[in-house]
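model.cif (mmCIF, C-alpha atoms)
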```
data_work
loop_
_atom_site.label_atom_id
_atom_site.label_comp_id
_atom_site.auth_asym_id
_atom_site.auth_seq_id
_atom_site.Cartn_x
_atom_site.Cartn_y
_atom_site.Cartn_z
CA MET A 1 -117.25 -36.64 152.96
CA LYS A 2 -118.32 -39.93 151.41
CA ARG A 3 -121.65 -38.46 150.37
CA GLN A 4 -119.98 -35.48 148.71
CA LEU A 5 -117.49 -37.66 146.89
CA LEU A 6 -120.29 -39.96 145.76
CA ALA A 7 -122.31 -36.98 144.53
CA GLY A 8 -119.35 -35.65 142.56
CA THR A 9 -118.62 -39.06 141.06
CA CYS A 10 -122.27 -39.62 140.09
CA LEU A 11 -122.57 -36.17 138.53
CA LEU A 12 -119.41 -36.73 136.51
CA ALA A 13 -120.71 -40.09 135.32
CA LEU A 14 -124.07 -38.58 134.40
CA CYS A 15 -122.41 -35.81 132.43
CA ALA A 16 -120.18 -38.25 130.59
CA THR A 17 -123.15 -40.44 129.72
CA SER A 18 -125.24 -37.54 128.48
CA ALA A 19 -122.43 -35.94 126.52
CA SER A 20 -121.65 -39.25 124.78
CA GLY A 21 -124.91 -38.86 122.88
CA ALA A 22 -123.16 -36.22 120.87
CA LEU A 23 -124.46 -32.95 119.59
CA VAL A 24 -122.26 -32.87 116.49
CA HIS A 25 -123.47 -29.68 114.76
CA ARG A 26 -125.11 -26.57 116.15
CA TYR A 27 -126.18 -23.44 114.28
CA THR A 28 -127.39 -20.52 116.40
CA PHE A 29 -127.52 -18.00 113.53
CA ASP A 30 -126.03 -15.15 115.52
CA GLY A 31 -125.10 -13.16 112.46
CA ASN A 32 -123.81 -16.13 110.46
CA ALA A 33 -124.47 -19.79 109.65
CA ASN A 34 -121.37 -21.14 111.37
CA ASP A 35 -121.25 -24.43 113.25
CA SER A 36 -120.46 -23.67 116.90
CA VAL A 37 -119.79 -27.33 117.81
CA GLY A 38 -118.10 -28.75 114.72
CA THR A 39 -116.56 -27.28 111.59
CA ALA A 40 -119.43 -27.79 109.14
CA ASN A 41 -120.23 -24.13 108.51
CA GLY A 42 -123.24 -23.32 106.37
CA VAL A 43 -123.26 -20.93 103.43
CA VAL A 44 -126.22 -18.63 102.84
CA MET A 45 -127.35 -18.70 99.21
CA GLY A 46 -129.51 -16.04 97.59
CA ASN A 47 -130.28 -12.40 98.20
CA THR A 48 -133.10 -12.17 100.74
CA ALA A 49 -131.70 -13.73 103.93
CA THR A 50 -131.13 -11.53 106.97
CA TYR A 51 -130.30 -11.98 110.66
CA ALA A 52 -132.50 -10.52 113.37
CA GLY A 53 -133.01 -11.31 117.05
CA GLY A 54 -130.69 -14.30 117.02
CA GLN A 55 -132.45 -15.87 114.05
CA ILE A 56 -131.88 -16.29 110.36
CA VAL A 57 -134.78 -14.91 108.35
CA LEU A 58 -135.18 -16.78 105.06
CA SER A 59 -137.54 -14.46 103.23
CA ASN A 60 -139.34 -15.54 100.07
CA PRO A 61 -141.84 -12.76 99.28
CA THR A 62 -142.30 -13.74 95.62
CA ASN A 63 -142.87 -17.49 96.09
CA THR A 64 -139.65 -18.40 94.29
CA GLY A 65 -139.28 -22.12 93.67
CA SER A 66 -136.35 -24.26 94.77
CA GLY A 67 -135.53 -25.03 91.14
CA ALA A 68 -134.69 -21.37 90.55
CA PHE A 69 -131.25 -22.13 92.01
CA ASN A 70 -130.61 -25.05 89.63
CA ASN A 71 -127.41 -25.10 87.59
CA GLY A 72 -125.82 -22.35 89.65
CA ASN A 73 -128.49 -19.72 88.99
CA VAL A 74 -129.27 -17.14 91.68
CA PRO A 75 -132.79 -15.68 91.56
CA VAL A 76 -133.62 -12.14 92.66
CA SER A 77 -135.75 -13.35 95.58
CA GLY A 78 -135.48 -16.31 97.93
CA SER A 79 -132.66 -17.76 100.04
CA TYR A 80 -131.57 -20.95 101.76
CA VAL A 81 -128.58 -22.30 103.70
CA ASP A 82 -126.29 -24.88 102.09
CA PHE A 83 -124.38 -27.20 104.43
CA PRO A 84 -121.36 -29.41 103.67
CA ASN A 85 -121.89 -32.68 101.81
CA PHE A 86 -122.66 -35.81 103.83
CA LEU A 87 -123.54 -33.88 106.99
CA ILE A 88 -126.36 -36.31 107.84
CA ARG A 89 -124.64 -39.49 106.70
CA ASP A 90 -121.57 -38.74 108.79
CA ALA A 91 -123.65 -37.93 111.87
CA ALA A 92 -125.59 -41.18 111.47
CA ALA A 93 -122.32 -43.12 111.17
CA ALA A 94 -120.94 -41.70 114.42
CA ASP A 95 -121.82 -42.48 118.05
CA GLN A 96 -125.08 -44.46 117.85
CA TYR A 97 -124.48 -46.00 114.44
CA GLY A 98 -127.47 -45.62 112.15
CA ALA A 99 -129.23 -42.92 114.18
CA VAL A 100 -129.41 -39.18 113.56
CA SER A 101 -131.70 -36.47 114.95
CA VAL A 102 -132.48 -33.07 113.45
CA GLU A 103 -133.77 -30.42 115.88
CA MET A 104 -134.83 -26.85 115.24
CA TRP A 105 -136.85 -23.90 116.44
CA VAL A 106 -138.74 -22.25 113.57
CA THR A 107 -141.34 -19.55 112.99
CA MET A 108 -143.21 -19.77 109.70
CA ASN A 109 -143.80 -16.42 108.03
CA THR A 110 -145.84 -17.91 105.16
CA ASN A 111 -146.98 -21.50 104.67
CA ARG A 112 -146.80 -22.79 101.10
CA ASP A 113 -147.66 -26.33 100.04
CA TRP A 114 -144.69 -28.73 99.97
CA SER A 115 -142.09 -26.08 100.82
CA ALA A 116 -139.21 -27.86 102.61
CA LEU A 117 -137.82 -26.60 105.90
CA PHE A 118 -134.93 -29.08 105.84
CA ALA A 119 -133.71 -31.52 103.18
CA ALA A 120 -130.80 -33.92 102.77
CA GLY A 121 -130.12 -36.20 99.81
CA ILE A 122 -130.10 -35.88 96.04
CA SER A 123 -132.78 -35.30 93.39
CA SER A 124 -133.57 -37.19 90.21
CA SER A 125 -131.13 -35.34 87.96
CA GLY A 126 -128.26 -36.61 90.09
CA ILE A 127 -126.71 -33.14 89.86
CA GLU A 128 -125.43 -31.60 93.07
CA GLY A 129 -127.20 -28.32 93.75
CA ASN A 130 -130.33 -29.08 91.72
CA SER A 131 -133.95 -29.52 92.84
CA ASP A 132 -135.50 -31.87 90.27
CA GLY A 133 -137.72 -34.14 92.33
CA GLY A 134 -137.17 -37.69 93.45
CA ASN A 135 -139.81 -40.10 92.11
CA ASP A 136 -139.26 -43.40 93.96
CA ASN A 137 -135.60 -43.95 93.14
CA PHE A 138 -133.63 -41.04 94.57
CA PRO A 139 -132.83 -40.87 98.27
CA TYR A 140 -133.65 -37.99 100.57
CA LEU A 141 -135.00 -36.94 103.95
CA GLN A 142 -137.22 -33.86 104.22
CA ILE A 143 -139.16 -31.84 106.80
CA ILE A 144 -142.27 -30.29 105.20
CA PRO A 145 -144.16 -27.65 107.25
CA ARG A 146 -147.31 -27.99 105.12
CA THR A 147 -148.22 -30.73 102.68
CA GLY A 148 -150.47 -30.03 99.71
CA ASP A 149 -152.97 -32.84 100.17
CA GLY A 150 -156.04 -30.64 100.49
CA GLY A 151 -158.81 -32.44 102.37
CA ALA A 152 -156.52 -35.39 103.03
CA GLY A 153 -153.74 -33.50 104.71
CA ASN A 154 -152.24 -30.02 104.87
CA ASP A 155 -150.08 -31.37 107.68
CA LEU A 156 -146.55 -31.13 108.96
CA ARG A 157 -144.74 -34.11 107.41
CA VAL A 158 -141.33 -35.68 107.91
CA THR A 159 -140.56 -37.93 104.98
CA SER A 160 -137.97 -40.32 103.58
CA ASN A 161 -137.37 -41.62 100.07
CA GLY A 162 -135.30 -44.58 98.95
CA VAL A 163 -135.15 -46.90 95.95
CA ALA A 164 -137.84 -49.12 94.41
CA GLY A 165 -140.62 -47.96 96.66
CA PRO A 166 -142.72 -44.98 97.69
CA GLU A 167 -141.91 -42.35 100.26
CA SER A 168 -142.47 -43.29 103.88
CA PHE A 169 -143.37 -40.53 106.32
CA VAL A 170 -144.83 -39.31 109.57
CA ASP A 171 -147.71 -36.86 109.58
CA ALA A 172 -151.02 -36.58 111.40
CA PRO A 173 -154.53 -37.52 110.23
CA GLY A 174 -156.89 -34.77 109.13
CA ASP A 175 -156.25 -31.17 108.19
CA SER A 176 -154.70 -28.17 109.90
CA THR A 177 -151.71 -29.72 111.63
CA ASP A 178 -149.30 -27.71 109.49
CA LEU A 179 -146.89 -25.41 111.30
CA GLN A 180 -148.50 -22.26 112.65
CA VAL A 181 -147.71 -18.97 110.98
CA GLY A 182 -146.17 -16.40 113.34
CA VAL A 183 -145.61 -18.87 116.19
CA GLN A 184 -142.22 -20.33 117.10
CA GLU A 185 -142.38 -24.12 117.15
CA HIS A 186 -139.90 -26.73 118.29
CA LEU A 187 -139.35 -29.74 116.01
CA ILE A 188 -137.28 -32.91 116.31
CA ALA A 189 -137.08 -35.49 113.53
CA VAL A 190 -135.42 -38.77 114.56
CA PHE A 191 -134.21 -41.20 111.90
CA ASP A 192 -133.16 -44.38 113.68
CA GLN A 193 -131.63 -47.39 111.92
CA SER A 194 -129.48 -48.40 114.88
CA GLY A 195 -131.46 -51.66 115.13
CA GLY A 196 -131.16 -52.41 111.40
CA LEU A 197 -133.03 -51.53 108.22
CA PRO A 198 -135.52 -50.10 107.49
CA GLY A 199 -135.53 -48.27 110.84
CA THR A 200 -138.04 -45.71 112.03
CA ILE A 201 -138.94 -42.04 111.79
CA THR A 202 -140.17 -40.47 115.02
CA VAL A 203 -141.24 -36.83 115.27
CA PHE A 204 -141.60 -34.59 118.32
CA ARG A 205 -143.39 -31.26 118.10
CA ASN A 206 -143.32 -28.79 120.97
CA GLY A 207 -142.31 -31.47 123.44
CA VAL A 208 -144.86 -34.14 122.52
CA GLN A 209 -144.82 -36.97 120.00
CA TYR A 210 -146.39 -36.01 116.69
CA GLY A 211 -148.27 -38.70 114.80
CA ASP A 212 -147.13 -42.33 114.91
CA PRO A 213 -143.62 -43.56 114.17
CA ALA A 214 -143.24 -44.84 110.62
CA PRO A 215 -140.67 -47.03 108.89
CA ILE A 216 -137.93 -45.32 106.91
CA ALA A 217 -138.38 -45.78 103.15
CA ASN A 218 -137.40 -49.02 101.45
CA ASN A 219 -133.75 -49.71 100.64
CA LEU A 220 -132.29 -46.60 102.26
CA ASN A 221 -129.21 -46.89 104.48
CA ILE A 222 -128.59 -43.44 105.94
CA ALA A 223 -125.21 -44.13 107.57
CA ALA A 224 -123.57 -46.18 104.81
CA ASN A 225 -120.76 -45.00 102.55
CA ALA A 226 -121.50 -47.72 99.99
CA THR A 227 -124.24 -50.31 99.47
CA ALA A 228 -125.21 -53.14 97.14
CA PHE A 229 -128.25 -52.66 94.90
CA PRO A 230 -131.11 -52.21 95.56
CA VAL A 231 -130.10 -50.61 98.87
CA THR A 232 -128.89 -47.03 98.44
CA THR A 233 -126.92 -44.60 100.54
CA LEU A 234 -128.45 -41.23 101.41
CA ALA A 235 -125.96 -39.58 98.99
CA ASP A 236 -126.58 -36.28 100.77
CA VAL A 237 -124.62 -33.96 98.53
CA ASN A 238 -127.53 -31.56 99.00
CA VAL A 239 -128.06 -30.61 102.65
CA TRP A 240 -130.31 -27.58 102.84
CA LEU A 241 -132.19 -25.40 105.28
CA GLY A 242 -135.12 -23.84 103.45
CA ARG A 243 -134.88 -25.59 100.07
CA SER A 244 -136.57 -28.72 98.72
CA MET A 245 -135.30 -31.64 96.63
CA TRP A 246 -138.33 -30.89 94.46
CA PRO A 247 -138.96 -27.61 92.56
CA ASP A 248 -141.45 -26.52 95.25
CA SER A 249 -141.28 -23.11 96.91
CA LEU A 250 -138.32 -22.05 98.99
CA ILE A 251 -139.17 -21.58 102.66
CA ASP A 252 -140.45 -18.29 104.07
CA ALA A 253 -139.54 -18.61 107.74
CA SER A 254 -137.24 -17.60 110.60
CA VAL A 255 -135.04 -20.23 112.26
CA ALA A 256 -133.63 -19.59 115.72
CA GLU A 257 -131.46 -22.68 115.95
CA LEU A 258 -130.63 -25.93 114.14
CA ARG A 259 -128.95 -28.90 115.82
CA ILE A 260 -127.78 -32.26 114.46
CA TYR A 261 -127.21 -35.17 116.87
CA SER A 262 -125.44 -38.46 116.22
CA HIS A 263 -128.02 -40.44 118.18
CA ALA A 264 -131.76 -40.84 118.56
CA LEU A 265 -133.30 -38.19 120.80
CA THR A 266 -136.06 -39.41 123.12
CA LEU A 267 -139.37 -38.01 124.31
CA GLN A 268 -137.63 -36.90 127.52
CA ASP A 269 -135.02 -35.05 125.46
CA ALA A 270 -137.79 -33.39 123.48
CA GLN A 271 -139.59 -32.29 126.63
CA ASN A 272 -136.41 -30.94 128.23
CA ASN A 273 -135.28 -29.04 125.13
CA ASN A 274 -138.74 -27.67 124.47
CA THR A 275 -138.88 -26.28 128.00
CA LEU A 276 -135.43 -24.69 127.77
CA GLY A 277 -135.82 -23.43 124.21
CA PRO A 278 -133.01 -22.43 121.84
CA ASN A 279 -129.68 -21.10 123.12
CA THR A 280 -129.46 -23.68 125.93
CA VAL A 281 -128.00 -27.15 125.44
CA VAL A 282 -128.57 -30.03 127.87
CA PRO A 283 -126.06 -30.84 129.13
CA GLU A 284 -123.54 -28.08 128.62
CA PRO A 285 -120.41 -30.29 128.79
CA ALA A 286 -118.12 -27.59 130.20
CA SER A 287 -120.61 -26.58 132.89
CA CYS A 288 -121.21 -30.21 133.75
CA ALA A 289 -117.52 -30.94 134.15
CA LEU A 290 -116.95 -27.83 136.27
CA ALA A 291 -119.83 -28.74 138.57
CA ALA A 292 -118.49 -32.26 139.00
CA LEU A 293 -114.96 -31.04 139.68
CA GLY A 294 -116.32 -28.58 142.20
CA LEU A 295 -118.04 -31.32 144.16
CA VAL A 296 -115.00 -33.56 144.03
CA GLY A 297 -112.83 -30.66 145.17
CA LEU A 298 -115.18 -29.96 148.06
CA ALA A 299 -115.04 -33.59 149.15
CA TRP A 300 -111.23 -33.62 148.97
CA THR A 301 -111.02 -30.44 151.05
CA ARG A 302 -113.26 -31.91 153.72
CA ARG A 303 -111.27 -35.10 153.83
CA ARG A 304 -108.15 -33.12 154.70
#
```

Whole structure given in structure tokens:
Amino acid sequence: MKRQLLAGTCLLALCATSASGALVHRYTFDGNANDSVGTANGVVMGNTATYAGGQIVLSNPTNTGSGAFNNGNVPVSGSYVDFPNFLIRDAAAADQYGAVSVEMWVTMNTNRDWSALFAAGISSSGIEGNSDGGNDNFPYLQIIPRTGDGGAGNDLRVTSNGVAGPESFVDAPGDSTDLQVGVQEHLIAVFDQSGGLPGTITVFRNGVQYGDPAPIANNLNIAANATAFPVTTLADVNVWLGRSMWPDSLIDASVAELRIYSHALTLQDAQNNNTLGPNTVVPEPASCALAALGLVGLAWTRRR
């Protein structure tokens, strides 16, 4: 009996510990862009998005640029998903203060230089909904499937931009580390300022660490509501799947799932989630609690 009770107690404690590193937003794209964990539903913008096989297909057959949606315009071709303002800031300000992780499963249909898979922040015009670039003074975070550096790059890049300084990013040396066309890949971008500024960017790709961790860009405080100059908030009034802060091409890809966590995922998390794939969350809080209660119940029955 003691062993069963101990097992139930340990399992319950393990579940509580794991669940405390909260998955705060989850988008499975089963016919819509709704948030199945929170209430931050996405809105599909444009005319060429479809749902197929549990994925959202963001089609861009004509290489439409992100700027085509500026000032409320809607181009004939190209689509993206728009999420509520401050989605990333609020996640970073929750459980593990200063840390946020973005996870997704994506299949590139076409790779175009500098097209953004995910972006959060604001561009240089300061206008919500516009893609006008960032220079070195407008904050954003972006996941870029393929850079446009020619012989110096053409890599997957996860980047950050702040104030009074250049972008800071993670990619890999050499060419041909961009996302593969026609192959589903698992990505995690971890932005961790829980230990103070500037913090670090760490990237996991298909269950392994990609490149070397890099500092987050100068003077950027992701979790803050307000700052004193020169430090800036993320000001993420633009939170987009498939659209860039710059006028570069909209994405041409299929996304099976997008998750936002309010803590820094680890290499072990990346390995576990890569093995399980989309549609399975570790831990499933309800399943975990039921398993624990079952063991406790079994121990109580035996005691009687």

I'd like to know which of A:Gly46, A:Gly67, A:Leu141, A:Asp95 is closest to Ser125 of chain A, using all atoms listed in the file.
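Closest to Ser125 of chain A of all the choices is A:Gly67.
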
Selection: 9 Å around Ala164 of chain A, all atoms listed in the file, excl. self and same-chain fewer than 5 positions, as a count of residues only
5

Just say which residues the PyMOL selection byres ((chain A and resi 49) around 8) picks in this file, as number ranges by chain.
A: 44, 46-48, 50-51, 56-59, 78-80

Using the chain letters and numbers from this file, what does the PyMOL selection byres ((chain A and resi 198) around 7) select? Give the answer as number ranges by chain.
A: 193, 196-197, 199-200, 215-218

Between A:Arg89, A:Arg157, A:Arg146, A:Arg243, which one has atoms that come closest to Asp132 of chain A, using only C-alpha atoms?
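Selected residue with least distance to Asp132 of chain A: A:Arg243.
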
One decimal, in Å: what's the spacing between atom CA of Leu258 of chain A and atom CA of Val239 of chain A?
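Taking atom CA of Leu258 of chain A and atom CA of Val239 of chain A, their separation equals 12.7 Å.
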
Tell me which of A:Val163, A:Val24, A:Arg205, A:Trp105 sits closest to Ala228 of chain A, counting all atoms listed in the file.
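Closest candidate: A:Val163.
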
Within 10 Å of Trp246 of chain A using all atoms listed in the file, minus same-chain residues under 6 positions, as a PDB file with C-alpha atoms, keeping the file's coordinate frame:
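And here's selection25.pdb as it stands now:
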```
ATOM      1  CA  GLY A  65    -139.280 -22.120  93.670  1.00  0.00           C
ATOM      2  CA  SER A  66    -136.350 -24.260  94.770  1.00  0.00           C
ATOM      3  CA  GLY A  67    -135.530 -25.030  91.140  1.00  0.00           C
ATOM      4  CA  TRP A 114    -144.690 -28.730  99.970  1.00  0.00           C
ATOM      5  CA  SER A 115    -142.090 -26.080 100.820  1.00  0.00           C
ATOM      6  CA  ALA A 116    -139.210 -27.860 102.610  1.00  0.00           C
ATOM      7  CA  ALA A 119    -133.710 -31.520 103.180  1.00  0.00           C
ATOM      8  CA  ILE A 122    -130.100 -35.880  96.040  1.00  0.00           C
ATOM      9  CA  SER A 123    -132.780 -35.300  93.390  1.00  0.00           C
ATOM     10  CA  SER A 124    -133.570 -37.190  90.210  1.00  0.00           C
ATOM     11  CA  ASN A 130    -130.330 -29.080  91.720  1.00  0.00           C
ATOM     12  CA  SER A 131    -133.950 -29.520  92.840  1.00  0.00           C
ATOM     13  CA  ASP A 132    -135.500 -31.870  90.270  1.00  0.00           C
ATOM     14  CA  GLY A 133    -137.720 -34.140  92.330  1.00  0.00           C
ATOM     15  CA  GLY A 134    -137.170 -37.690  93.450  1.00  0.00           C
ATOM     16  CA  ASN A 135    -139.810 -40.100  92.110  1.00  0.00           C
TER      17      ASN A 135
END
```

Atom CA of Pro213 of chain A and atom CA of Ala22 of chain A are how many Å apart?
22.7 Å

Identify all residues satisfying the PyMOL selection byres ((chain A and resi 236) around 12) in the given file; provide them as a PyMOL selection string.
chain A and resi 82-92+119-123+126-129+138-142+220-225+232-235+237-240+245

Rank nothing, just name the residue among A:Pro61, A:Gly195, A:Gly162, A:Gly207 nearest to Ala253 of chain A, using all atoms listed in the file.
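Counting all atoms listed in the file, the residue closest to Ala253 of chain A is A:Pro61.
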
Extract, using only C-alpha atoms, all DNA, RNA and protein residues at most 10 Å from His186 of chain A, discarding same-chain residues fewer than 6 positions from it, and format them as a ChimeraX atom specification.
/A:103-107,179,204-208,256-257,270,273-275,277-278

At what distance in Å, to one decimal, does atom CA of Asp113 of chain A lie from atom CA of Asp155 of chain A?
9.5 Å

Tell me which residues come within 6 Å of (-131.2, -37.1, 109.6), as a ChimeraX atom specification, counting all atoms listed in the file in the file's coordinates.
/A:88,100-102,191

What's the 7 Å shell around Thr64 of chain A, counting all atoms listed in the file, without same-chain residues fewer than 5 positions away, as a PyMOL selection string?
chain A and resi 77-78+249-250

List the residues sitting within 10 Å of (-154.9, -37.7, 116.0) in the file's frame, using all atoms listed in the file, as a ChimeraX atom specification.
/A:171-174,177,210-212

If you keep all heavy atoms, can you output segment 157-167 of chain A as an mmCIF file, in the first residue's frame?
```
data_model
loop_
_atom_site.group_PDB
_atom_site.id
_atom_site.type_symbol
_atom_site.label_atom_id
_atom_site.label_comp_id
_atom_site.auth_asym_id
_atom_site.auth_seq_id
_atom_site.Cartn_x
_atom_site.Cartn_y
_atom_site.Cartn_z
ATOM 1 N N ARG A 157 16.988 31.159 -39.664
ATOM 2 C CA ARG A 157 17.459 32.163 -38.705
ATOM 3 C C ARG A 157 16.325 32.536 -37.766
ATOM 4 O O ARG A 157 15.193 32.750 -38.189
ATOM 5 C CB ARG A 157 17.962 33.414 -39.427
ATOM 6 C CG ARG A 157 18.384 34.545 -38.479
ATOM 7 C CD ARG A 157 18.934 35.740 -39.238
ATOM 8 N NE ARG A 157 20.205 35.422 -39.886
ATOM 9 C CZ ARG A 157 20.956 36.327 -40.529
ATOM 10 N NH1 ARG A 157 20.540 37.588 -40.639
ATOM 11 N NH2 ARG A 157 22.092 35.964 -41.083
ATOM 12 N N VAL A 158 16.647 32.655 -36.486
ATOM 13 C CA VAL A 158 15.741 33.209 -35.484
ATOM 14 C C VAL A 158 16.380 34.482 -34.974
ATOM 15 O O VAL A 158 17.505 34.458 -34.462
ATOM 16 C CB VAL A 158 15.478 32.218 -34.338
ATOM 17 C CG1 VAL A 158 14.590 32.863 -33.275
ATOM 18 C CG2 VAL A 158 14.829 30.942 -34.871
ATOM 19 N N THR A 159 15.687 35.598 -35.135
ATOM 20 C CA THR A 159 16.316 36.895 -34.925
ATOM 21 C C THR A 159 15.533 37.777 -33.960
ATOM 22 O O THR A 159 14.336 37.592 -33.755
ATOM 23 C CB THR A 159 16.501 37.614 -36.277
ATOM 24 O OG1 THR A 159 17.302 38.781 -36.105
ATOM 25 C CG2 THR A 159 15.161 38.000 -36.889
ATOM 26 N N SER A 160 16.233 38.754 -33.406
ATOM 27 C CA SER A 160 15.626 39.744 -32.517
ATOM 28 C C SER A 160 16.153 41.112 -32.890
ATOM 29 O O SER A 160 17.278 41.261 -33.357
ATOM 30 C CB SER A 160 15.963 39.431 -31.051
ATOM 31 O OG SER A 160 17.377 39.448 -30.845
ATOM 32 N N ASN A 161 15.328 42.131 -32.680
ATOM 33 C CA ASN A 161 15.723 43.510 -32.962
ATOM 34 C C ASN A 161 15.276 44.387 -31.804
ATOM 35 O O ASN A 161 14.186 44.193 -31.264
ATOM 36 C CB ASN A 161 15.078 44.000 -34.263
ATOM 37 C CG ASN A 161 15.793 45.197 -34.858
ATOM 38 O OD1 ASN A 161 17.017 45.187 -34.963
ATOM 39 N ND2 ASN A 161 15.056 46.211 -35.254
ATOM 40 N N GLY A 162 16.132 45.332 -31.427
ATOM 41 C CA GLY A 162 15.812 46.217 -30.325
ATOM 42 C C GLY A 162 15.995 47.668 -30.705
ATOM 43 O O GLY A 162 15.538 48.107 -31.756
ATOM 44 N N VAL A 163 16.690 48.413 -29.873
ATOM 45 C CA VAL A 163 16.921 49.842 -30.086
ATOM 46 C C VAL A 163 18.410 50.119 -29.966
ATOM 47 O O VAL A 163 19.090 49.576 -29.094
ATOM 48 C CB VAL A 163 16.139 50.682 -29.057
ATOM 49 C CG1 VAL A 163 16.534 52.149 -29.127
ATOM 50 C CG2 VAL A 163 14.638 50.547 -29.297
ATOM 51 N N ALA A 164 18.913 50.988 -30.864
ATOM 52 C CA ALA A 164 20.310 51.442 -30.809
ATOM 53 C C ALA A 164 21.286 50.282 -30.917
ATOM 54 O O ALA A 164 22.263 50.194 -30.172
ATOM 55 C CB ALA A 164 20.558 52.245 -29.538
ATOM 56 N N GLY A 165 21.028 49.417 -31.858
ATOM 57 C CA GLY A 165 21.940 48.308 -32.082
ATOM 58 C C GLY A 165 21.425 47.410 -33.175
ATOM 59 O O GLY A 165 20.250 47.478 -33.548
ATOM 60 N N PRO A 166 22.276 46.547 -33.713
ATOM 61 C CA PRO A 166 21.860 45.659 -34.795
ATOM 62 C C PRO A 166 21.019 44.499 -34.298
ATOM 63 O O PRO A 166 20.893 44.259 -33.099
ATOM 64 C CB PRO A 166 23.199 45.161 -35.347
ATOM 65 C CG PRO A 166 24.107 45.167 -34.152
ATOM 66 C CD PRO A 166 23.690 46.372 -33.338
ATOM 67 N N GLU A 167 20.449 43.765 -35.241
ATOM 68 C CA GLU A 167 19.780 42.517 -34.910
ATOM 69 C C GLU A 167 20.767 41.561 -34.236
ATOM 70 O O GLU A 167 21.969 41.606 -34.486
ATOM 71 C CB GLU A 167 19.251 41.834 -36.176
ATOM 72 C CG GLU A 167 18.011 42.447 -36.774
ATOM 73 C CD GLU A 167 17.451 41.597 -37.898
ATOM 74 O OE1 GLU A 167 18.217 40.860 -38.549
ATOM 75 O OE2 GLU A 167 16.242 41.671 -38.123
#
```
